[in-house]
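Please read the structure below before turning to the comments.
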Amino acid sequence: MQMRAECSQSGFSLVETLLALFLLALVTSLLLRGEQALWVSSRWQQEQRQAWRYAAHALSGETRQAEGWRITIVKSPTSEGCGLWTARAVGPSGRAVSLQRLHCDQGH
């Protein structure tokens, strides 16, 4: 009687391995894009908050200029001694915000 040795292989085929590597690369790429989008959004929000802060400080009379920022105040007269003050802050990336305040003399 002749004994035959059975050949049984264990493990993954080349196709399965390549598919797994492709899926790993795809998922990693998608995760990195998501992380980048979160980072950009966070920077945008931070700059937006800073712009509101600078505009509010300008309306309250503080005259400090931050590097890379353009802050302007326009005072437009209105009736009865009041004026409409508009503060505009433009950030380093070009993002701009405007705040307005009605300012009246003490007697009005």
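By convention in this document, the chains of the structure tokens carry letters A, B, ... by their order, each chain's residues are numbered from 1, and ligands are numbered from 1 in the order they are shown.
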message: Could you go through chain A and tell me which residues DSSP, when run on the backbone, assigns to strand (DSSP E), listing them as a PyMOL selection string?
response: chain A and resi 70-77+82-90+96-104
- request: Compare A:Gln36, A:Ser98, A:Ser93, A:Ser41 by their minimum atom-to-atom distance to Ile73 of chain A, counting only C-alpha atoms, and give me the closest one.
  value: A:Ser98
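As for atom CA of Ala37 of chain A and atom CA of Trp69 of chain A, they are spaced 24.2 Å apart.
Using only C-alpha atoms for every distance, the candidate list A:Leu32, A:Cys82, A:Leu99, A:Ala20 yields A:Leu99 as the residue closest to Ser60 of chain A.
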field: atom CA of Leu31 of chain A to atom CA of Gly94 of chain A, straight-line distance in Å
entry: 28.6 Å
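Nearest to Ala58 of chain A of all the residues A:Arg88, A:Arg43, A:Lys75, A:Arg33 is A:Arg88, based on only C-alpha atoms.
Between atom CA of Leu38 of chain A and atom CA of Trp52 of chain A the separation is 21.2 Å.
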- request: For Thr78 of chain A, please output as number ranges by chain all residues within 12 Å (counting only C-alpha atoms; exclusion window: fewer than 3 positions along the same chain).
  value: A: 75, 81-85, 101-105
Dump of C-alpha atoms for the selected residues, as an mmCIF file, in the first residue's frame:
data_model
loop_
_atom_site.group_PDB
_atom_site.id
_atom_site.type_symbol
_atom_site.label_atom_id
_atom_site.label_comp_id
_atom_site.auth_asym_id
_atom_site.auth_seq_id
_atom_site.Cartn_x
_atom_site.Cartn_y
_atom_site.Cartn_z
ATOM 1 C CA LYS A 75 -17.444 106.336 11.384
ATOM 2 C CA GLY A 81 -25.408 113.429 16.937
ATOM 3 C CA CYS A 82 -25.150 109.695 16.626
ATOM 4 C CA GLY A 83 -22.838 107.788 14.366
ATOM 5 C CA LEU A 84 -22.691 104.312 12.929
ATOM 6 C CA TRP A 85 -19.274 102.820 13.531
ATOM 7 C CA ARG A 101 -22.294 99.795 16.496
ATOM 8 C CA LEU A 102 -24.480 102.848 16.888
ATOM 9 C CA HIS A 103 -22.539 105.386 18.914
ATOM 10 C CA CYS A 104 -24.288 108.428 20.361
ATOM 11 C CA ASP A 105 -22.953 111.351 22.377
#
field: Residue neighbourhood segment 89-91 of chain A, 8 Å, only C-alpha atoms, exclusion window fewer than 2 positions, as an MDAnalysis selection string
entry: chainID A and resid 47 51:52 54:55 68:72 87 93:98
Chain A: residues DSSP assigns to helix (DSSP H, G or I), reported as a short mmCIF file (atom, residue, chain, number, x, y, z; two decimals) with N, CA and C atoms, in the first residue's frame:
data_model
loop_
_atom_site.label_atom_id
_atom_site.label_comp_id
_atom_site.auth_asym_id
_atom_site.auth_seq_id
_atom_site.Cartn_x
_atom_site.Cartn_y
_atom_site.Cartn_z
N LEU A 14 -2.31 35.15 -3.05
CA LEU A 14 -1.74 36.42 -3.49
C LEU A 14 -2.84 37.45 -3.75
N VAL A 15 -3.93 37.02 -4.35
CA VAL A 15 -5.05 37.92 -4.64
C VAL A 15 -5.64 38.47 -3.35
N GLU A 16 -5.84 37.61 -2.37
CA GLU A 16 -6.40 38.06 -1.09
C GLU A 16 -5.46 39.05 -0.40
N THR A 17 -4.17 38.80 -0.46
CA THR A 17 -3.18 39.68 0.16
C THR A 17 -3.16 41.05 -0.53
N LEU A 18 -3.20 41.06 -1.87
CA LEU A 18 -3.20 42.33 -2.59
C LEU A 18 -4.48 43.11 -2.33
N LEU A 19 -5.61 42.42 -2.26
CA LEU A 19 -6.87 43.08 -1.96
C LEU A 19 -6.84 43.70 -0.56
N ALA A 20 -6.30 42.98 0.40
CA ALA A 20 -6.20 43.50 1.77
C ALA A 20 -5.29 44.73 1.82
N LEU A 21 -4.17 44.69 1.10
CA LEU A 21 -3.28 45.86 1.07
C LEU A 21 -3.95 47.06 0.41
N PHE A 22 -4.70 46.80 -0.66
CA PHE A 22 -5.43 47.88 -1.32
C PHE A 22 -6.45 48.51 -0.38
N LEU A 23 -7.21 47.68 0.32
CA LEU A 23 -8.21 48.20 1.26
C LEU A 23 -7.56 48.97 2.40
N LEU A 24 -6.42 48.47 2.89
CA LEU A 24 -5.69 49.17 3.95
C LEU A 24 -5.24 50.55 3.47
N ALA A 25 -4.70 50.63 2.26
CA ALA A 25 -4.24 51.90 1.70
C ALA A 25 -5.42 52.85 1.50
N LEU A 26 -6.54 52.34 1.03
CA LEU A 26 -7.73 53.17 0.81
C LEU A 26 -8.26 53.73 2.12
N VAL A 27 -8.39 52.91 3.13
CA VAL A 27 -8.90 53.36 4.43
C VAL A 27 -7.94 54.38 5.05
N THR A 28 -6.64 54.12 4.96
CA THR A 28 -5.66 55.06 5.51
C THR A 28 -5.74 56.40 4.81
N SER A 29 -5.88 56.39 3.50
CA SER A 29 -6.00 57.63 2.74
C SER A 29 -7.24 58.40 3.14
N LEU A 30 -8.36 57.71 3.28
CA LEU A 30 -9.60 58.38 3.68
C LEU A 30 -9.51 58.97 5.09
N LEU A 31 -8.87 58.25 5.99
CA LEU A 31 -8.71 58.76 7.35
C LEU A 31 -7.82 60.01 7.38
N LEU A 32 -6.76 60.00 6.57
CA LEU A 32 -5.88 61.17 6.53
C LEU A 32 -6.59 62.38 5.93
N ARG A 33 -7.43 62.16 4.93
CA ARG A 33 -8.19 63.27 4.36
C ARG A 33 -9.18 63.83 5.38
N GLY A 34 -9.81 62.96 6.14
CA GLY A 34 -10.73 63.41 7.18
C GLY A 34 -10.02 64.21 8.24
N GLU A 35 -8.83 63.76 8.63
CA GLU A 35 -8.05 64.48 9.64
C GLU A 35 -7.63 65.85 9.10
N GLN A 36 -7.25 65.92 7.84
CA GLN A 36 -6.86 67.18 7.23
C GLN A 36 -8.05 68.14 7.19
N ALA A 37 -9.22 67.63 6.86
CA ALA A 37 -10.42 68.48 6.81
C ALA A 37 -10.74 69.03 8.20
N LEU A 38 -10.58 68.22 9.23
CA LEU A 38 -10.81 68.69 10.60
C LEU A 38 -9.81 69.76 10.98
N TRP A 39 -8.57 69.60 10.58
CA TRP A 39 -7.52 70.57 10.91
C TRP A 39 -7.82 71.90 10.22
N VAL A 40 -8.20 71.85 8.94
CA VAL A 40 -8.51 73.08 8.20
C VAL A 40 -9.71 73.78 8.82
N SER A 41 -10.72 73.01 9.19
CA SER A 41 -11.91 73.59 9.82
C SER A 41 -11.56 74.24 11.15
N SER A 42 -10.72 73.60 11.91
CA SER A 42 -10.31 74.15 13.20
C SER A 42 -9.55 75.46 13.02
N ARG A 43 -8.65 75.51 12.04
CA ARG A 43 -7.90 76.75 11.77
C ARG A 43 -8.85 77.86 11.31
N TRP A 44 -9.84 77.50 10.47
CA TRP A 44 -10.80 78.48 9.98
C TRP A 44 -11.58 79.06 11.15
N GLN A 45 -12.06 78.19 12.05
CA GLN A 45 -12.83 78.67 13.19
C GLN A 45 -11.98 79.54 14.11
N GLN A 46 -10.73 79.15 14.31
CA GLN A 46 -9.84 79.93 15.16
C GLN A 46 -9.62 81.33 14.57
N GLU A 47 -9.38 81.40 13.26
CA GLU A 47 -9.17 82.70 12.63
C GLU A 47 -10.45 83.53 12.64
N GLN A 48 -11.59 82.87 12.48
CA GLN A 48 -12.87 83.59 12.50
C GLN A 48 -13.12 84.21 13.89
N ARG A 49 -12.88 83.42 14.95
CA ARG A 49 -13.04 83.96 16.31
C ARG A 49 -12.09 85.13 16.56
N GLN A 50 -10.85 84.99 16.07
CA GLN A 50 -9.87 86.06 16.26
C GLN A 50 -10.32 87.32 15.52
N ALA A 51 -10.89 87.16 14.34
CA ALA A 51 -11.36 88.32 13.57
C ALA A 51 -12.48 89.03 14.32
N TRP A 52 -13.43 88.28 14.88
CA TRP A 52 -14.51 88.90 15.66
C TRP A 52 -13.93 89.65 16.86
N ARG A 53 -12.94 89.05 17.49
CA ARG A 53 -12.31 89.68 18.66
C ARG A 53 -11.66 91.01 18.27
N TYR A 54 -10.88 91.00 17.17
CA TYR A 54 -10.21 92.23 16.75
C TYR A 54 -11.22 93.32 16.37
N ALA A 55 -12.29 92.93 15.69
CA ALA A 55 -13.31 93.91 15.31
C ALA A 55 -13.99 94.49 16.56
N ALA A 56 -14.29 93.65 17.53
CA ALA A 56 -14.93 94.12 18.77
C ALA A 56 -13.99 95.05 19.54
N HIS A 57 -12.70 94.72 19.60
CA HIS A 57 -11.74 95.60 20.28
C HIS A 57 -11.65 96.94 19.57
N ALA A 58 -11.69 96.93 18.25
CA ALA A 58 -11.62 98.18 17.50
C ALA A 58 -12.83 99.06 17.80
N LEU A 59 -14.02 98.45 17.91
CA LEU A 59 -15.21 99.23 18.22
C LEU A 59 -15.17 99.80 19.63
N SER A 79 -28.33 110.85 12.18
CA SER A 79 -29.09 111.99 12.72
C SER A 79 -28.88 112.14 14.22
N GLU A 80 -29.09 113.33 14.70
CA GLU A 80 -29.09 113.69 16.12
C GLU A 80 -27.81 113.35 16.86
N GLY A 81 -26.68 113.58 16.24
CA GLY A 81 -25.41 113.43 16.94
C GLY A 81 -24.93 112.01 17.12
#
